[in-house]
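**Q** Below is the file upload14.txt, which contains compact mmCIF, C-alpha atoms.
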```
# COMPACT_ATOMS: atom_id res chain seq x y z
CA MET B 1 -5.61 30.61 4.80
CA SER B 2 -7.42 27.79 6.60
CA GLU B 3 -6.29 24.35 5.42
CA THR B 4 -7.96 20.96 5.63
CA ARG B 5 -5.67 18.27 7.04
CA VAL B 6 -5.57 14.56 7.78
CA HIS B 7 -3.02 13.16 10.25
CA ASN B 8 -1.87 9.81 11.59
CA LEU B 9 -4.13 7.73 9.37
CA ALA B 10 -2.66 4.23 9.44
CA VAL B 11 -3.27 1.72 6.67
CA SER B 12 -2.11 -1.83 6.15
CA LEU B 13 0.00 -2.76 3.12
CA ASP B 14 -3.17 -3.92 1.42
CA GLY B 15 -4.79 -0.55 2.05
CA PHE B 16 -7.19 -1.23 4.92
CA ALA B 17 -7.49 1.53 7.53
CA THR B 18 -9.64 -0.55 9.85
CA GLY B 19 -10.63 -4.19 10.16
CA GLU B 20 -14.03 -5.83 10.46
CA PRO B 21 -16.48 -6.23 12.06
CA GLN B 22 -16.39 -3.08 14.18
CA SER B 23 -18.06 -3.28 17.57
CA LEU B 24 -18.03 -1.82 21.09
CA GLU B 25 -15.51 -4.47 22.13
CA ALA B 26 -13.42 -4.25 18.95
CA PRO B 27 -13.54 -0.70 17.53
CA PHE B 28 -11.10 -1.70 14.75
CA GLY B 29 -12.49 -5.20 14.17
CA HIS B 30 -10.00 -7.98 13.58
CA ALA B 31 -7.22 -5.39 13.12
CA GLY B 32 -7.20 -4.82 16.88
CA GLU B 33 -4.56 -2.22 17.67
CA ARG B 34 -2.07 -3.54 15.11
CA LEU B 35 -2.39 -0.43 12.93
CA HIS B 36 -1.54 1.82 15.89
CA GLU B 37 1.35 0.11 17.63
CA TRP B 38 3.79 2.60 16.08
CA PHE B 39 1.78 5.43 17.72
CA PHE B 40 1.57 4.24 21.32
CA PRO B 41 5.24 4.91 22.29
CA THR B 42 5.18 8.44 20.84
CA ALA B 43 5.30 11.48 23.10
CA THR B 44 2.13 12.70 21.39
CA PHE B 45 0.14 9.66 22.49
CA ARG B 46 1.72 9.27 25.92
CA ALA B 47 1.10 12.94 26.74
CA MET B 48 -2.66 12.29 26.52
CA ALA B 49 -2.29 10.23 29.71
CA GLY B 50 0.28 12.57 31.26
CA GLY B 51 3.24 10.33 30.40
CA GLU B 52 6.45 10.72 28.44
CA GLY B 53 7.36 9.38 25.02
CA ASP B 54 9.86 6.63 24.27
CA PRO B 55 12.96 8.32 22.77
CA ALA B 56 13.16 5.49 20.22
CA ALA B 57 9.83 6.70 18.85
CA ALA B 58 11.07 10.24 18.21
CA PRO B 59 11.14 9.80 14.40
CA ASP B 60 7.50 8.70 14.46
CA ASP B 61 6.62 11.47 16.88
CA ALA B 62 8.06 14.03 14.48
CA PHE B 63 5.07 13.15 12.28
CA ALA B 64 2.51 12.29 14.96
CA SER B 65 2.98 15.55 16.86
CA ARG B 66 1.79 17.66 13.94
CA TRP B 67 -1.82 16.59 14.31
CA GLY B 68 -2.81 19.36 16.74
CA ASP B 69 -0.89 22.41 15.50
CA ARG B 70 -3.19 25.24 14.38
CA ILE B 71 -6.26 22.99 14.37
CA GLY B 72 -9.50 24.85 15.15
CA ALA B 73 -12.08 22.15 14.46
CA GLU B 74 -12.38 18.45 13.62
CA ILE B 75 -14.77 16.58 11.36
CA MET B 76 -15.28 12.85 11.97
CA GLY B 77 -17.55 10.14 10.64
CA ALA B 78 -20.23 8.32 12.57
CA ASN B 79 -18.07 5.17 12.60
CA LYS B 80 -15.31 7.00 14.45
CA PHE B 81 -17.64 8.47 17.07
CA GLY B 82 -19.08 5.17 18.22
CA PRO B 83 -19.78 1.51 17.51
CA PRO B 84 -22.55 0.51 15.09
CA GLY B 85 -25.88 1.58 16.64
CA TRP B 86 -24.60 4.35 18.91
CA GLN B 87 -27.34 6.55 17.51
CA ASP B 88 -29.84 4.45 19.48
CA ASP B 89 -28.12 5.33 22.77
CA PRO B 90 -28.99 8.88 23.81
CA ASP B 91 -26.19 8.82 26.41
CA TRP B 92 -23.33 7.84 24.05
CA ARG B 93 -20.71 10.59 24.15
CA GLY B 94 -17.85 9.00 22.19
CA TRP B 95 -15.03 6.65 23.16
CA TRP B 96 -12.87 9.22 24.89
CA GLY B 97 -14.36 9.83 28.36
CA PRO B 98 -15.38 13.20 29.80
CA ASN B 99 -12.36 15.11 28.41
CA PRO B 100 -11.79 14.07 24.77
CA PRO B 101 -8.42 14.80 23.15
CA PHE B 102 -9.84 17.17 20.52
CA HIS B 103 -10.29 20.37 22.57
CA THR B 104 -12.10 22.12 19.69
CA PRO B 105 -15.54 22.06 18.09
CA THR B 106 -15.88 18.56 16.63
CA PHE B 107 -18.39 17.80 13.90
CA VAL B 108 -19.78 14.27 13.73
CA LEU B 109 -21.32 13.33 10.38
CA THR B 110 -24.44 11.21 10.88
CA HIS B 111 -27.76 10.72 9.15
CA ARG B 112 -29.41 10.93 12.58
CA PRO B 113 -28.19 14.21 14.09
CA ARG B 114 -28.91 15.26 17.67
CA GLY B 115 -28.25 18.40 19.68
CA PRO B 116 -24.68 19.50 20.54
CA VAL B 117 -22.88 17.98 23.54
CA GLU B 118 -20.37 20.08 25.44
CA MET B 119 -17.56 18.08 27.02
CA GLU B 120 -14.70 19.07 29.32
CA GLY B 121 -11.53 20.60 27.90
CA GLY B 122 -13.01 22.55 25.01
CA THR B 123 -14.47 19.72 22.94
CA THR B 124 -18.06 20.27 21.81
CA PHE B 125 -19.62 17.58 19.62
CA HIS B 126 -21.92 18.90 16.89
CA PHE B 127 -23.92 16.38 14.85
CA LEU B 128 -24.49 17.07 11.17
CA ASP B 129 -26.22 15.35 8.27
CA ALA B 130 -24.29 17.16 5.56
CA SER B 131 -22.16 16.75 2.44
CA PRO B 132 -18.38 16.99 2.83
CA ALA B 133 -18.38 20.53 1.40
CA ASP B 134 -21.17 21.73 3.70
CA ALA B 135 -19.59 20.06 6.74
CA LEU B 136 -16.29 21.72 5.90
CA ALA B 137 -17.98 25.13 5.62
CA ALA B 138 -19.52 24.66 9.07
CA ALA B 139 -16.21 23.50 10.57
CA ARG B 140 -14.34 26.43 8.99
CA ASP B 141 -16.82 28.86 10.52
CA ALA B 142 -16.17 27.28 13.91
CA ALA B 143 -12.39 27.09 13.53
CA GLY B 144 -11.78 30.83 13.87
CA GLY B 145 -9.29 31.05 11.02
CA LEU B 146 -7.40 27.93 12.07
CA ASP B 147 -7.21 24.67 10.12
CA VAL B 148 -9.78 21.87 10.01
CA ARG B 149 -8.74 18.28 10.68
CA ILE B 150 -10.58 15.41 9.02
CA GLY B 151 -10.28 12.87 11.79
CA GLY B 152 -11.51 9.78 9.98
CA GLY B 153 -12.53 7.05 9.69
CA PRO B 154 -11.29 6.00 6.28
CA THR B 155 -14.64 6.34 4.51
CA VAL B 156 -14.89 9.99 5.51
CA VAL B 157 -11.28 10.71 4.55
CA ARG B 158 -11.84 9.05 1.18
CA ASP B 159 -15.00 11.12 0.60
CA PHE B 160 -13.13 14.37 1.31
CA LEU B 161 -10.18 13.32 -0.88
CA ALA B 162 -12.50 12.36 -3.74
CA GLU B 163 -14.07 15.83 -3.65
CA GLY B 164 -10.66 17.53 -3.67
CA LEU B 165 -11.15 19.07 -0.24
CA VAL B 166 -7.91 17.94 1.47
CA ASP B 167 -4.80 20.13 1.50
CA HIS B 168 -2.50 17.91 3.59
CA LEU B 169 -2.68 14.14 4.08
CA HIS B 170 -0.43 12.11 6.38
CA VAL B 171 -0.74 8.35 5.97
CA VAL B 172 1.25 5.71 7.84
CA ILE B 173 1.81 2.43 6.02
CA VAL B 174 2.05 -0.45 8.48
CA PRO B 175 3.62 -3.63 7.03
CA ILE B 176 0.79 -6.01 7.85
CA LEU B 177 -1.83 -7.58 5.58
CA LEU B 178 -5.35 -7.29 7.01
CA GLY B 179 -7.05 -8.92 4.04
CA ARG B 180 -10.43 -7.30 4.81
CA GLY B 181 -11.92 -4.20 6.38
CA VAL B 182 -12.43 -0.66 5.11
CA ARG B 183 -10.16 0.43 2.26
CA LEU B 184 -8.77 3.95 2.19
CA TRP B 185 -7.65 4.21 -1.43
CA ASP B 186 -10.62 3.00 -3.48
CA GLY B 187 -11.85 5.35 -6.19
CA LEU B 188 -8.93 7.78 -5.97
CA GLU B 189 -7.17 7.04 -9.27
CA GLY B 190 -4.68 9.77 -10.17
CA LEU B 191 -4.82 11.49 -6.75
CA GLU B 192 -1.04 11.94 -6.86
CA LYS B 193 -1.31 14.50 -9.67
CA ASP B 194 -2.55 17.17 -7.26
CA TYR B 195 0.05 16.62 -4.55
CA ASP B 196 3.73 16.66 -3.72
CA ILE B 197 4.35 13.36 -1.99
CA GLU B 198 7.19 12.44 0.36
CA SER B 199 7.93 9.04 1.91
CA THR B 200 9.95 8.42 5.07
CA THR B 201 10.65 5.10 6.72
CA THR B 202 11.28 5.10 10.47
CA PRO B 203 13.04 2.53 12.67
CA SER B 204 9.68 1.22 13.88
CA GLY B 205 9.23 -0.20 10.36
CA VAL B 206 6.37 2.00 9.21
CA THR B 207 6.49 4.42 6.29
CA HIS B 208 5.14 7.93 6.67
CA LEU B 209 3.67 9.41 3.51
CA THR B 210 2.80 13.10 3.30
CA PHE B 211 0.71 14.58 0.52
CA ASP B 212 0.81 18.38 0.17
CA ARG B 213 -1.43 20.06 -2.36
CA ARG B 214 0.55 21.70 -5.17
CA MET S 1 19.37 -24.82 0.05
CA SER S 2 17.55 -23.52 -3.03
CA GLU S 3 15.30 -20.56 -2.25
CA THR S 4 12.33 -19.12 -4.09
CA ARG S 5 12.57 -15.37 -4.62
CA VAL S 6 10.62 -12.43 -6.01
CA HIS S 7 12.42 -9.21 -6.96
CA ASN S 8 11.59 -5.72 -8.19
CA LEU S 9 7.83 -6.17 -8.06
CA ALA S 10 6.40 -2.66 -8.13
CA VAL S 11 2.94 -1.85 -6.78
CA SER S 12 0.99 1.36 -6.54
CA LEU S 13 -0.10 2.71 -3.15
CA ASP S 14 -3.48 1.12 -3.74
CA GLY S 15 -1.83 -2.22 -4.38
CA PHE S 16 -2.01 -2.65 -8.14
CA ALA S 17 1.01 -4.24 -9.80
CA THR S 18 -0.24 -3.61 -13.32
CA GLY S 19 -2.97 -1.53 -14.92
CA GLU S 20 -5.70 -2.47 -17.37
CA PRO S 21 -6.42 -3.39 -20.09
CA GLN S 22 -3.19 -5.16 -21.05
CA SER S 23 -2.37 -5.32 -24.76
CA LEU S 24 0.49 -5.58 -27.24
CA GLU S 25 0.69 -1.77 -27.33
CA ALA S 26 0.24 -1.30 -23.58
CA PRO S 27 1.70 -4.27 -21.68
CA PHE S 28 0.87 -2.59 -18.35
CA GLY S 29 -2.45 -1.08 -19.43
CA HIS S 30 -3.24 2.43 -18.22
CA ALA S 31 -0.32 2.23 -15.76
CA GLY S 32 2.08 2.69 -18.66
CA GLU S 33 5.62 2.70 -17.30
CA ARG S 34 4.73 4.66 -14.16
CA LEU S 35 5.41 1.71 -11.87
CA HIS S 36 8.91 1.29 -13.30
CA GLU S 37 10.30 4.82 -13.54
CA TRP S 38 12.40 4.22 -10.42
CA PHE S 39 14.02 1.23 -12.18
CA PHE S 40 15.08 2.79 -15.50
CA PRO S 41 18.02 4.89 -14.15
CA THR S 42 19.49 1.96 -12.20
CA ALA S 43 22.74 0.32 -13.28
CA THR S 44 20.89 -3.01 -13.33
CA PHE S 45 18.44 -1.82 -15.98
CA ARG S 46 20.89 0.25 -18.00
CA ALA S 47 23.37 -2.63 -18.18
CA MET S 48 20.80 -4.65 -20.14
CA ALA S 49 21.38 -2.19 -23.01
CA GLY S 50 25.11 -1.86 -22.36
CA GLY S 51 24.79 1.49 -20.57
CA GLU S 52 25.75 2.85 -17.16
CA GLY S 53 23.53 3.65 -14.21
CA ASP S 54 22.70 7.08 -12.88
CA PRO S 55 24.65 7.50 -9.61
CA ALA S 56 21.55 9.13 -8.07
CA ALA S 57 19.79 5.79 -8.49
CA ALA S 58 22.41 3.87 -6.49
CA PRO S 59 20.11 3.37 -3.47
CA ASP S 60 17.46 1.83 -5.72
CA ASP S 61 20.09 -0.21 -7.53
CA ALA S 62 21.22 -1.69 -4.22
CA PHE S 63 17.87 -3.49 -4.25
CA ALA S 64 17.37 -3.92 -7.99
CA SER S 65 20.75 -5.55 -8.54
CA ARG S 66 19.91 -8.53 -6.32
CA TRP S 67 17.48 -10.02 -8.82
CA GLY S 68 20.04 -12.10 -10.70
CA ASP S 69 22.39 -13.36 -7.97
CA ARG S 70 22.39 -17.15 -7.65
CA ILE S 71 19.26 -17.52 -9.83
CA GLY S 72 19.15 -20.81 -11.75
CA ALA S 73 15.63 -20.66 -13.21
CA GLU S 74 12.63 -18.35 -13.52
CA ILE S 75 8.90 -19.04 -13.40
CA MET S 76 6.55 -16.53 -15.02
CA GLY S 77 2.85 -16.35 -15.78
CA ALA S 78 1.26 -16.30 -19.22
CA ASN S 79 0.42 -12.60 -18.79
CA LYS S 80 4.07 -11.72 -18.38
CA PHE S 81 5.19 -13.73 -21.42
CA GLY S 82 2.90 -12.00 -23.89
CA PRO S 83 -0.23 -9.93 -24.52
CA PRO S 84 -3.66 -11.57 -24.29
CA GLY S 85 -3.94 -14.13 -27.09
CA TRP S 86 -0.23 -14.81 -27.62
CA GLN S 87 -1.04 -18.51 -27.44
CA ASP S 88 -2.68 -18.16 -30.88
CA ASP S 89 0.59 -16.93 -32.42
CA PRO S 90 3.01 -19.85 -32.91
CA ASP S 91 5.86 -17.39 -33.54
CA TRP S 92 5.49 -15.35 -30.31
CA ARG S 93 8.72 -15.65 -28.33
CA GLY S 94 8.17 -13.07 -25.58
CA TRP S 95 8.70 -9.32 -25.38
CA TRP S 96 12.46 -9.39 -25.06
CA GLY S 97 13.93 -10.02 -28.52
CA PRO S 98 16.35 -12.81 -29.47
CA ASN S 99 18.47 -12.55 -26.28
CA PRO S 100 16.11 -12.26 -23.27
CA PRO S 101 17.53 -10.99 -19.96
CA PHE S 102 16.88 -14.22 -18.04
CA HIS S 103 19.84 -16.36 -19.22
CA THR S 104 18.44 -19.47 -17.47
CA PRO S 105 15.68 -22.02 -18.02
CA THR S 106 12.45 -20.01 -17.84
CA PHE S 107 9.13 -21.72 -17.14
CA VAL S 108 6.00 -20.08 -18.56
CA LEU S 109 2.75 -21.14 -16.89
CA THR S 110 -0.03 -21.52 -19.44
CA HIS S 111 -3.07 -23.70 -19.94
CA ARG S 112 -1.96 -24.15 -23.58
CA PRO S 113 1.62 -25.40 -23.39
CA ARG S 114 3.86 -25.83 -26.45
CA GLY S 115 7.34 -27.22 -26.99
CA PRO S 116 10.42 -25.53 -25.54
CA VAL S 117 12.03 -22.58 -27.33
CA GLU S 118 15.76 -22.05 -27.06
CA MET S 119 16.83 -18.40 -27.27
CA GLU S 120 20.25 -16.75 -27.38
CA GLY S 121 22.18 -16.14 -24.19
CA GLY S 122 21.09 -19.14 -22.20
CA THR S 123 17.35 -18.51 -21.93
CA THR S 124 15.17 -21.50 -22.84
CA PHE S 125 11.40 -21.07 -22.51
CA HIS S 126 9.54 -24.12 -21.21
CA PHE S 127 5.75 -24.06 -21.22
CA LEU S 128 3.90 -25.75 -18.38
CA ASP S 129 0.30 -26.27 -17.35
CA ALA S 130 1.04 -26.95 -13.70
CA SER S 131 0.23 -25.98 -10.11
CA PRO S 132 2.62 -23.62 -8.34
CA ALA S 133 4.15 -26.52 -6.37
CA ASP S 134 4.66 -28.67 -9.47
CA ALA S 135 6.07 -25.77 -11.47
CA LEU S 136 8.47 -25.02 -8.62
CA ALA S 137 9.61 -28.65 -8.54
CA ALA S 138 10.34 -28.53 -12.28
CA ALA S 139 12.20 -25.22 -11.97
CA ARG S 140 14.25 -26.48 -9.01
CA ASP S 141 15.31 -29.50 -11.05
CA ALA S 142 16.46 -27.18 -13.81
CA ALA S 143 18.17 -24.68 -11.48
CA GLY S 144 21.10 -26.91 -10.60
CA GLY S 145 21.03 -26.11 -6.89
CA LEU S 146 20.62 -22.38 -7.43
CA ASP S 147 17.55 -20.31 -6.50
CA VAL S 148 14.31 -19.97 -8.43
CA ARG S 149 12.89 -16.53 -9.23
CA ILE S 150 9.14 -16.01 -9.52
CA GLY S 151 9.16 -13.35 -12.19
CA GLY S 152 5.50 -12.31 -12.08
CA GLY S 153 3.03 -11.04 -13.02
CA PRO S 154 1.19 -10.25 -9.82
CA THR S 155 -1.34 -13.06 -10.10
CA VAL S 156 1.42 -15.66 -10.22
CA VAL S 157 3.33 -14.06 -7.34
CA ARG S 158 0.12 -13.98 -5.29
CA ASP S 159 -0.55 -17.66 -6.04
CA PHE S 160 2.94 -18.65 -4.87
CA LEU S 161 2.67 -16.47 -1.75
CA ALA S 162 -0.75 -17.93 -0.90
CA GLU S 163 0.72 -21.45 -1.03
CA GLY S 164 3.62 -20.50 1.22
CA LEU S 165 6.23 -21.14 -1.49
CA VAL S 166 8.15 -17.84 -1.39
CA ASP S 167 11.26 -17.40 0.78
CA HIS S 168 12.19 -13.82 -0.19
CA LEU S 169 9.91 -11.09 -1.55
CA HIS S 170 11.05 -7.64 -2.66
CA VAL S 171 8.22 -5.19 -3.36
CA VAL S 172 8.59 -1.56 -4.39
CA ILE S 173 5.79 0.77 -3.36
CA VAL S 174 5.39 3.59 -5.87
CA PRO S 175 3.40 6.58 -4.58
CA ILE S 176 0.75 6.68 -7.30
CA LEU S 177 -2.88 5.60 -7.24
CA LEU S 178 -3.82 3.44 -10.22
CA GLY S 179 -7.40 2.84 -9.10
CA ARG S 180 -7.74 -0.34 -11.18
CA GLY S 181 -5.71 -3.22 -12.55
CA VAL S 182 -4.37 -6.42 -10.99
CA ARG S 183 -3.98 -6.37 -7.21
CA LEU S 184 -0.99 -8.05 -5.60
CA TRP S 185 -2.16 -8.34 -2.01
CA ASP S 186 -5.66 -9.84 -2.22
CA GLY S 187 -6.26 -12.96 -0.15
CA LEU S 188 -2.98 -12.78 1.79
CA GLU S 189 -4.30 -11.86 5.26
CA GLY S 190 -1.67 -12.45 7.93
CA LEU S 191 1.20 -13.00 5.47
CA GLU S 192 3.47 -10.90 7.71
CA LYS S 193 3.48 -13.58 10.43
CA ASP S 194 5.82 -15.77 8.40
CA TYR S 195 8.34 -13.08 7.48
CA ASP S 196 10.79 -10.54 8.81
CA ILE S 197 9.92 -7.33 6.99
CA GLU S 198 12.11 -4.30 6.41
CA SER S 199 11.15 -1.00 4.79
CA THR S 200 13.54 1.47 3.16
CA THR S 201 12.64 4.72 1.44
CA THR S 202 15.01 5.99 -1.26
CA PRO S 203 15.50 9.49 -2.67
CA SER S 204 13.48 8.55 -5.76
CA GLY S 205 10.43 8.49 -3.48
CA VAL S 206 9.68 4.78 -3.59
CA THR S 207 9.74 2.43 -0.60
CA HIS S 208 11.50 -0.92 -0.85
CA LEU S 209 9.96 -3.67 1.26
CA THR S 210 11.76 -6.95 1.80
CA PHE S 211 10.10 -10.03 3.27
CA ASP S 212 12.44 -12.79 4.47
CA ARG S 213 10.95 -16.03 5.71
CA ARG S 214 11.57 -16.60 9.41
```
Take the structure in this file and express it as structure tokens.
**A**
Amino acid sequence: MSETRVHNLAVSLDGFATGEPQSLEAPFGHAGERLHEWFFPTATFRAMAGGEGDPAAAPDDAFASRWGDRIGAEIMGANKFGPPGWQDDPDWRGWWGPNPPFHTPTFVLTHRPRGPVEMEGGTTFHFLDASPADALAAARDAAGGLDVRIGGGPTVVRDFLAEGLVDHLHVVIVPILLGRGVRLWDGLEGLEKDYDIESTTTPSGVTHLTFDRR
Amino acid sequence: MSETRVHNLAVSLDGFATGEPQSLEAPFGHAGERLHEWFFPTATFRAMAGGEGDPAAAPDDAFASRWGDRIGAEIMGANKFGPPGWQDDPDWRGWWGPNPPFHTPTFVLTHRPRGPVEMEGGTTFHFLDASPADALAAARDAAGGLDVRIGGGPTVVRDFLAEGLVDHLHVVIVPILLGRGVRLWDGLEGLEKDYDIESTTTPSGVTHLTFDRR
């Protein structure tokens, strides 16, 4: 059974998953990289550049490393794929260079779709103007029986949660107060009723929350 | 040195410390008692009714039990003292019966102050229309060199945090999504810079966060 999963989504204590304003120079706005500092020492992140993880980050890596297992496709929002206005640049191919870390079909939700772009390493970007349910159907078709990852940003994750389309959600609470940005949790009253939730604090000071559909 | 402390303040994942609407029948609105279920089995809570704690709640009680140590006075907001409109009832003496659990001078912030009310067990309610700094000065005078607890609700805690008046903050994150109510964290961008923060998850599933001023 193909599941729909969210991994490594970091939020501040006040619930913001990114800061503002987002731009080419500051993809996470005033949040900078403060939501992701727990992630950088993990073996999962370091391996993307051919390096090794910090052993002290092993508890965080136990969560972070799950993001790729059995994933056959990703869905992401337009705000993850590029800075505001990327749709006006026909050469924009994402933030990640010629060999993006997805290595699967990757569906970018945008109101201004374009033709698919094949990258190195197995990532092909497909651009869709579609509802969450229709995007998920397309990603499932492409995933070959494997799971589909909702890669963010927070608005897209919230939309999929609100429609009841997420089977597994991993959120990382970072003890900072951003004060402004894009909220993850708005409009999700009672979400906990559909999930078994576990919380785990790691020595880095973050708290990993996992939601598994009952 | 007299410190200003907040204890056992529970918030939902989406940052609400109480639900809505608040009333005599539903002091926490639609949240009911869901923010406090972790607290009820603790020895600290059970002792208020002469009972014993559940041993399984010992990790939570390690935090909960700190609320009374070295406290010489409490400050609370009007919304903690009574339901909306209590100011129109000259006989309203709080939710807690003849012997409230504070056992110290207790300052109630209200725009419609009245004369002090002496209760059993050492609690005397004083009613003040004052700024956070002025209320804190009055409570410090009454505390006899001991610490002052800011007892809530969330709006009052937020006001004291925003003015930099809190030395120790203990927040309990409960993994539910209330969707609406009174937010604790609004307007506190960058609060973490002034504090050492520790996070601890307990078997009950909540996460205890402590902020200690640097």
**Q** Could you tell me, as an MDAnalysis selection string, which residues have any atom at most 9 Å from (-9.1, -0.1, -1.3), counting all atoms listed in the file?
**A** (chainID B and resid 14:16 182:187) or (chainID S and resid 14:15 179)
**Q** Counting only C-alpha atoms, give me one row per residue of chain B with an atom at most 8 Å from an atom of chain S, showing the shortest contact pair and its distance in Å to one decimal, sorted by chain then residue number, as a tab-separated table.
**A**
```
residue	atom	partner	partner_atom	distance
B:Leu13	CA	S:Gly15	CA	7.7
B:Asp14	CA	S:Trp185	CA	5.7
B:Gly15	CA	S:Asp14	CA	6.2
B:Pro175	CA	S:Glu192	CA	7.3
B:Ile176	CA	S:Glu192	CA	5.6
B:Leu177	CA	S:Glu189	CA	5.0
B:Leu178	CA	S:Glu189	CA	5.0
B:Gly179	CA	S:Glu189	CA	4.2
B:Arg180	CA	S:Glu189	CA	7.7
B:Trp185	CA	S:Asp14	CA	5.7
B:Asp186	CA	S:Gly179	CA	6.5
B:Gly187	CA	S:Gly179	CA	5.9
B:Leu188	CA	S:Gly179	CA	6.0
B:Glu189	CA	S:Gly179	CA	4.2
B:Gly190	CA	S:Leu177	CA	5.4
B:Leu191	CA	S:Leu177	CA	6.2
B:Glu192	CA	S:Ile176	CA	5.6
B:Ile197	CA	S:Pro175	CA	7.3
B:Glu198	CA	S:Gly205	CA	6.4
B:Ser199	CA	S:Gly205	CA	6.0
B:Thr200	CA	S:Thr201	CA	5.8
B:Thr201	CA	S:Thr201	CA	5.7
B:Gly205	CA	S:Ser199	CA	5.9
B:Val206	CA	S:Ser199	CA	7.2
B:Thr207	CA	S:Ser199	CA	7.3
```
**Q** Go ahead and write the selection's residues with C-alpha atoms as a CSV table (one decimal), keeping the file's coordinate frame.
**A**
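Contents of again_6.csv, as written:
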```
chain,number,residue,atom,x,y,z
B,13,LEU,CA,0.0,-2.8,3.1
B,14,ASP,CA,-3.2,-3.9,1.4
B,15,GLY,CA,-4.8,-0.6,2.0
B,175,PRO,CA,3.6,-3.6,7.0
B,176,ILE,CA,0.8,-6.0,7.8
B,177,LEU,CA,-1.8,-7.6,5.6
B,178,LEU,CA,-5.4,-7.3,7.0
B,179,GLY,CA,-7.0,-8.9,4.0
B,180,ARG,CA,-10.4,-7.3,4.8
B,185,TRP,CA,-7.6,4.2,-1.4
B,186,ASP,CA,-10.6,3.0,-3.5
B,187,GLY,CA,-11.8,5.4,-6.2
B,188,LEU,CA,-8.9,7.8,-6.0
B,189,GLU,CA,-7.2,7.0,-9.3
B,190,GLY,CA,-4.7,9.8,-10.2
B,191,LEU,CA,-4.8,11.5,-6.8
B,192,GLU,CA,-1.0,11.9,-6.9
B,197,ILE,CA,4.4,13.4,-2.0
B,198,GLU,CA,7.2,12.4,0.4
B,199,SER,CA,7.9,9.0,1.9
B,200,THR,CA,10.0,8.4,5.1
B,201,THR,CA,10.6,5.1,6.7
B,205,GLY,CA,9.2,-0.2,10.4
B,206,VAL,CA,6.4,2.0,9.2
B,207,THR,CA,6.5,4.4,6.3
```
**Q** Work out how far atom CA of Met76 of chain B is from atom CA of Gly151 of chain B, in Å to one decimal.
**A**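 Going from atom CA of Gly151 of chain B over to atom CA of Met76 of chain B, I get 5.0 Å.
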**Q** Leaving out segment 28-42 of chain B and any residue of its chain fewer than 2 positions from it, which residues lie within 6 Å of it when counting only C-alpha atoms, given as a short mmCIF file (atom, residue, chain, number, x, y, z; two decimals) with C-alpha atoms, keeping the file's coordinate frame?
**A**
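Here's the written file part11.cif:
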```
data_model
loop_
_atom_site.label_atom_id
_atom_site.label_comp_id
_atom_site.auth_asym_id
_atom_site.auth_seq_id
_atom_site.Cartn_x
_atom_site.Cartn_y
_atom_site.Cartn_z
CA ALA B 10 -2.66 4.23 9.44
CA THR B 18 -9.64 -0.55 9.85
CA GLY B 19 -10.63 -4.19 10.16
CA GLU B 20 -14.03 -5.83 10.46
CA PRO B 21 -16.48 -6.23 12.06
CA GLN B 22 -16.39 -3.08 14.18
CA ALA B 26 -13.42 -4.25 18.95
CA THR B 44 2.13 12.70 21.39
CA PHE B 45 0.14 9.66 22.49
CA GLY B 53 7.36 9.38 25.02
CA ASP B 54 9.86 6.63 24.27
CA ALA B 57 9.83 6.70 18.85
CA ASP B 61 6.62 11.47 16.88
#
```
**Q** As a ChimeraX atom specification, please: the residues near segment 101-112 of chain B (cut-off 8 Å, all atoms listed in the file, same-chain neighbours under 5 positions excluded).
**A** /B:48,71-78,81,87,96,121-130,135,139,142-143
**Q** Using only C-alpha atoms, which of the listed residues (B:Glu3, B:Leu9, B:Asp60, B:Asp159) sits closest to Gly144 of chain B?
**A**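 Going through B:Glu3, B:Leu9, B:Asp60, B:Asp159 one by one, the smallest distance to Gly144 of chain B is for B:Glu3.
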**Q** Grab the atom CA of Ala56 of chain S to atom CA of His168 of chain B distance for me, in Å with one decimal place.
**A**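 For atom CA of Ala56 of chain S relative to atom CA of His168 of chain B, the distance reads 28.1 Å.
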**Q** From the list S:Asp167, S:Gly181, S:Pro132, S:Gly97, which residue is nearest Pro27 of chain S when using all atoms listed in the file?
**A**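 Among the listed residues, the smallest separation from Pro27 of chain S belongs to S:Gly181.
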**Q** Identify which of the residues B:Trp67, B:Tyr195, B:Trp92, B:Trp86 lies closest to Val6 of chain B, counting all atoms listed in the file when measuring atom-to-atom distances.
**A** B:Trp67
**Q** Between atom CA of Val171 of chain S and atom CA of Thr210 of chain S, what is the spacing in Å?
**A**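 Computing it gives 6.5 Å between the two atoms.
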**Q** Find the residues around Asp91 of chain B up to 12 Å (all atoms listed in the file counted), leave out those fewer than 2 positions away in its own chain, and share them as an MDAnalysis selection string.
**A** chainID B and resid 82 86:89 93:95 114:115 117
